[in-house]
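I have placed the structure first, in the form of structure tokens, so that the comments after it can refer back to it.
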Amino acid sequence: MREIGLLLSNYLLFTIMSCLLAAMQSSLWLHIFGFSPAPNLWLLVFNYWTLYRSPAEAVIMSYISTLILVSMSGIPLQMGFAVNLSLLGSIYMLRDRVLWSGVNSYILACGLSSVLLPIYTFVWSWVFETPPLSDFHLFDIALRPLLTAAFALPLYYLFCFVDQFTQKEAPKETESELI
Amino acid sequence: MNFFNFDLRRLFIIATLVAIPLLSVNLQQRSKDKPWILIPFFYTAGVTQNSYAAFSSNVRGTTDLYLNLINIKKTNRELTGQLAELKAQLGELTELKLENERLGHLLAFKQKTHMNLLASRIIGRDLLTDYETVTIDRGSSHGVKKGMGTLTINGVVGYITDIEPNTAKILLITDRYAVIDGVVQRSRARGIAQGLTSDSLTLSLLKRDDDVKMSDIIVTSGIDNYFPKGFPIGSVTKIIEKPYGLGQQVTLQPAVTTSDLEEIFVVLNANHQNFEE
């Protein structure tokens, strides 16, 4: 019973953090930096779960992230699901092929998912939307991954702390190599 | 003892010692001018005194400066702190002044029009770059409904697409999904203004023979009463007439720069206001 309680509290805490990070990107960043490019903070929990949790948990978090994304964006729901599941697949491939120590692979995954996000959005837009996307924001595409990766570092340790706090197995810091 | 046998050197010294006071007294009696013999001494004395005075003054000055440095540093720290504080206050005051001016313009606009307007503040932006939505701090509890138009004093901003009790999401006019019924102000040709990119719109459904020229102002038609009639949407920046087809391709620059919005109005009821009258 206690284990279920801890597991649920872990899920709840990560969902709340995901909401807070998305709101921080949408609202707090706007008030401090205006409409300048913001880091994709909403991706950070999603990436963490994709890298360090079971596939089922990762899919659940991708759905939760999609719902949060749709609530703070104009993206249609089906587009949100398609983009996030594509990102999930890509990060999963990275997880299986690049075996770096915990924080490095996490930062890499966050940067990569920020690069892939506009690409998948563009591609799926041609499938789902009328009219589809017709332009890339290159400055945004260049800057957002860097900002996201910069924020990934401190948040990785926060997520690890939450995992330890709720007695969920935290990522192992193992040295490895690029395969 | 020989009378003439004396020491000449001793004699000279004695004579000199006797002569100097005598000469001195004699010279004083003859003239009030400074004796020439004293000039080099006076000069030397003056230079020496001056040098000593300057040296003393410098030493005292340096010592004072050194002693004052401690106070200067302290004062400097205090003044730097005060300056930073004043700069921050100035920044805040400038921000308040600008906000006051903006709100003053909005208030004047609201008082002049007979539309039922609700002032609101933008509190959030879209998480994705490719979608153009913002969130405002007014929702259903303030009378906001889906489809209501939003504008600033410069032109149309967009319309409400999602509502919560205290917030609402606005689809900006620059979003690809946004469409607004528009009219060319000069010729009354009708079309649909639709978002194209983050800083451009397109005016579609214009007929081939419709009269549109560069820099024409496109305004709202006001048919749906979500927007007042004749309110600016944008101005024409590009016209492409294809050699075949029924229509023409017109690109607009929106009247409002959506990337620097802060406060906007929600049109609760346009009351069929016509800005062209």
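Identifiers in the structure tokens: chain A, B, ... in order shown; residue index from 1 per chain; ligand index from 1 in order shown.
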For this session: Pick out the residues sitting within 9 Å of Phe46 (chain A), and hand them over as a list of chain:residue names; count only C-alpha atoms, and ignore anything fewer than 3 positions along from it in its own chain.
Result: A:Ser18, A:Trp42, A:Leu43, A:Trp49, A:Thr50, A:Leu51, A:Ala58, A:Met61, A:Ser62, A:Ile64, A:Ser65, A:Asn84, A:Leu88
For this session: Do a neighbour search on Asn47 (chain A) at 12 Å with only C-alpha atoms, toss out local chain neighbours closer than 2 positions, and write the hits as an NGL selection string.
Result: :A and (14 or 18 or 40-45 or 49-53 or 55 or 57-59 or 61-62 or 65 or 84-85 or 87-92 or 94-95 or 103 or 105-114 or 148-149 or 152 or 155-156 or 159)
Problem set entry | Secondary structure check, strand (DSSP E) residues of region 49-254 of chain B, as a PyMOL selection string | chain B and resi 116-125+133-136+149-151+156-163+168-172+179-184+190-197+200-204+217-220+232-240+249-254
Pick out the chain B residues within 7 Å of chain A. Count only C-alpha atoms. Give them as a compact mmCIF listing (two decimals) with all heavy atoms, in the first residue's frame.
# COMPACT_ATOMS: atom_id res chain seq x y z
N ILE B 123 -1.10 37.35 -20.25
CA ILE B 123 -0.35 36.68 -19.17
C ILE B 123 0.42 35.45 -19.66
O ILE B 123 1.19 34.87 -18.91
CB ILE B 123 -1.28 36.27 -18.01
CG1 ILE B 123 -2.41 35.37 -18.52
CG2 ILE B 123 -1.83 37.48 -17.29
CD1 ILE B 123 -3.12 34.63 -17.42
N GLY B 124 0.21 35.05 -20.89
CA GLY B 124 0.93 33.87 -21.37
C GLY B 124 1.03 33.86 -22.88
O GLY B 124 0.25 34.51 -23.57
N ARG B 125 2.04 33.15 -23.36
CA ARG B 125 2.23 33.02 -24.80
C ARG B 125 2.23 31.55 -25.17
O ARG B 125 2.28 30.68 -24.30
CB ARG B 125 3.56 33.66 -25.21
CG ARG B 125 4.73 33.00 -24.55
CD ARG B 125 6.03 33.68 -24.85
NE ARG B 125 6.63 33.15 -26.06
CZ ARG B 125 7.93 33.31 -26.37
NH1 ARG B 125 8.72 33.97 -25.57
NH2 ARG B 125 8.42 32.81 -27.47
N ASP B 126 2.21 31.31 -26.47
CA ASP B 126 2.15 29.92 -26.94
C ASP B 126 3.47 29.19 -26.64
O ASP B 126 4.54 29.77 -26.74
CB ASP B 126 1.89 29.93 -28.45
CG ASP B 126 1.32 28.62 -28.93
OD1 ASP B 126 2.01 27.59 -28.82
OD2 ASP B 126 0.17 28.62 -29.39
N LEU B 127 3.37 27.91 -26.29
CA LEU B 127 4.57 27.13 -26.00
C LEU B 127 5.36 26.82 -27.27
O LEU B 127 6.56 26.59 -27.22
CB LEU B 127 4.20 25.81 -25.32
CG LEU B 127 3.70 25.89 -23.87
CD1 LEU B 127 3.35 24.50 -23.36
CD2 LEU B 127 4.73 26.52 -22.96
N LEU B 128 4.68 26.80 -28.40
CA LEU B 128 5.35 26.51 -29.66
C LEU B 128 5.45 27.75 -30.53
O LEU B 128 4.54 28.58 -30.54
CB LEU B 128 4.59 25.41 -30.42
CG LEU B 128 4.47 24.07 -29.70
CD1 LEU B 128 3.61 23.12 -30.52
CD2 LEU B 128 5.83 23.46 -29.46
N TYR B 131 2.74 28.37 -33.58
CA TYR B 131 1.33 28.71 -33.33
C TYR B 131 1.27 30.05 -32.63
O TYR B 131 2.10 30.35 -31.77
CB TYR B 131 0.65 27.61 -32.50
CG TYR B 131 0.60 26.31 -33.26
CD1 TYR B 131 1.66 25.42 -33.20
CD2 TYR B 131 -0.47 26.00 -34.10
CE1 TYR B 131 1.65 24.24 -33.93
CE2 TYR B 131 -0.49 24.84 -34.83
CZ TYR B 131 0.57 23.96 -34.75
OH TYR B 131 0.56 22.81 -35.48
N GLU B 132 0.26 30.84 -33.01
CA GLU B 132 0.19 32.21 -32.52
C GLU B 132 -1.03 32.37 -31.62
O GLU B 132 -2.11 32.75 -32.08
CB GLU B 132 0.07 33.17 -33.72
CG GLU B 132 1.22 33.08 -34.70
CD GLU B 132 2.39 33.95 -34.30
OE1 GLU B 132 2.17 35.01 -33.70
OE2 GLU B 132 3.53 33.56 -34.59
N THR B 133 -0.86 32.03 -30.36
CA THR B 133 -1.93 32.26 -29.40
C THR B 133 -1.35 32.96 -28.16
O THR B 133 -0.15 32.82 -27.88
CB THR B 133 -2.59 30.94 -28.93
OG1 THR B 133 -1.61 30.14 -28.27
CG2 THR B 133 -3.18 30.17 -30.09
N ARG B 176 -2.22 30.73 -38.58
CA ARG B 176 -2.73 30.18 -39.84
C ARG B 176 -4.20 29.83 -39.76
O ARG B 176 -4.89 29.75 -40.76
CB ARG B 176 -1.94 28.92 -40.21
CG ARG B 176 -0.54 29.21 -40.65
CD ARG B 176 0.28 27.95 -40.71
NE ARG B 176 0.47 27.38 -39.38
CZ ARG B 176 0.17 26.15 -39.05
NH1 ARG B 176 -0.33 25.31 -39.93
NH2 ARG B 176 0.36 25.70 -37.82
N SER B 259 3.82 40.67 -31.56
CA SER B 259 4.91 40.23 -30.67
C SER B 259 5.21 41.23 -29.55
O SER B 259 6.08 40.97 -28.73
CB SER B 259 6.17 39.97 -31.48
OG SER B 259 6.55 41.14 -32.15
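For the set B:Gln49, B:Thr257, B:Ser140, B:Ser235, the residue with the smallest atom-to-atom gap to Leu172 (chain B) is B:Thr257, counting only C-alpha atoms.
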Exercise. How many Å separate CA of Thr251 (chain B) from CA of Asn225 (chain B)?
Worked result: 24.9 Å
Exercise. Which one is closest to Arg190 (chain B): B:Asp224, B:Asp216, B:Asp210, B:Asp162? Count only C-alpha atoms.
Worked result: B:Asp210
Problem set entry | Residue set, region 22-222 of chain B restricted to alpha helix (DSSP H), as a PyMOL selection string | chain B and resi 22-30+39-112
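The residue that comes closest to Leu77 (chain A), out of A:Phe33, A:Tyr120, A:Tyr48, A:Phe128 and on the basis of only C-alpha atoms, is A:Phe128.
The two atoms in question, CA of Gln253 (chain B) and CA of Gly104 (chain B), are spaced 26.1 Å apart.
When CA of Val184 (chain B) is paired with CA of Thr220 (chain B), their separation reads 8.8 Å.
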Seminar exercise, completed: Gly191 (chain B) proximity check over B:Leu79, B:Leu96, B:Val250, B:Leu151, using only C-alpha atoms: winner is B:Val250
Exercise. Using only C-alpha atoms, which residues sit within 7 Å of Gly158 (chain B) once same-chain residues fewer than 5 positions away are excluded, as a list in words?
Worked result: Gly149, Thr150, Leu151, Ile170, Leu171, Leu172 and Ile173 of chain B
For this session: Skip region 192-196 of chain B itself and residues of its chain fewer than 2 positions away, then list as a PyMOL selection string all residues within 9 Å of it, counting only C-alpha atoms.
Result: (chain A and resi 131+133-134) or (chain B and resi 172-183+190+198-206+218+233-234+251-252)
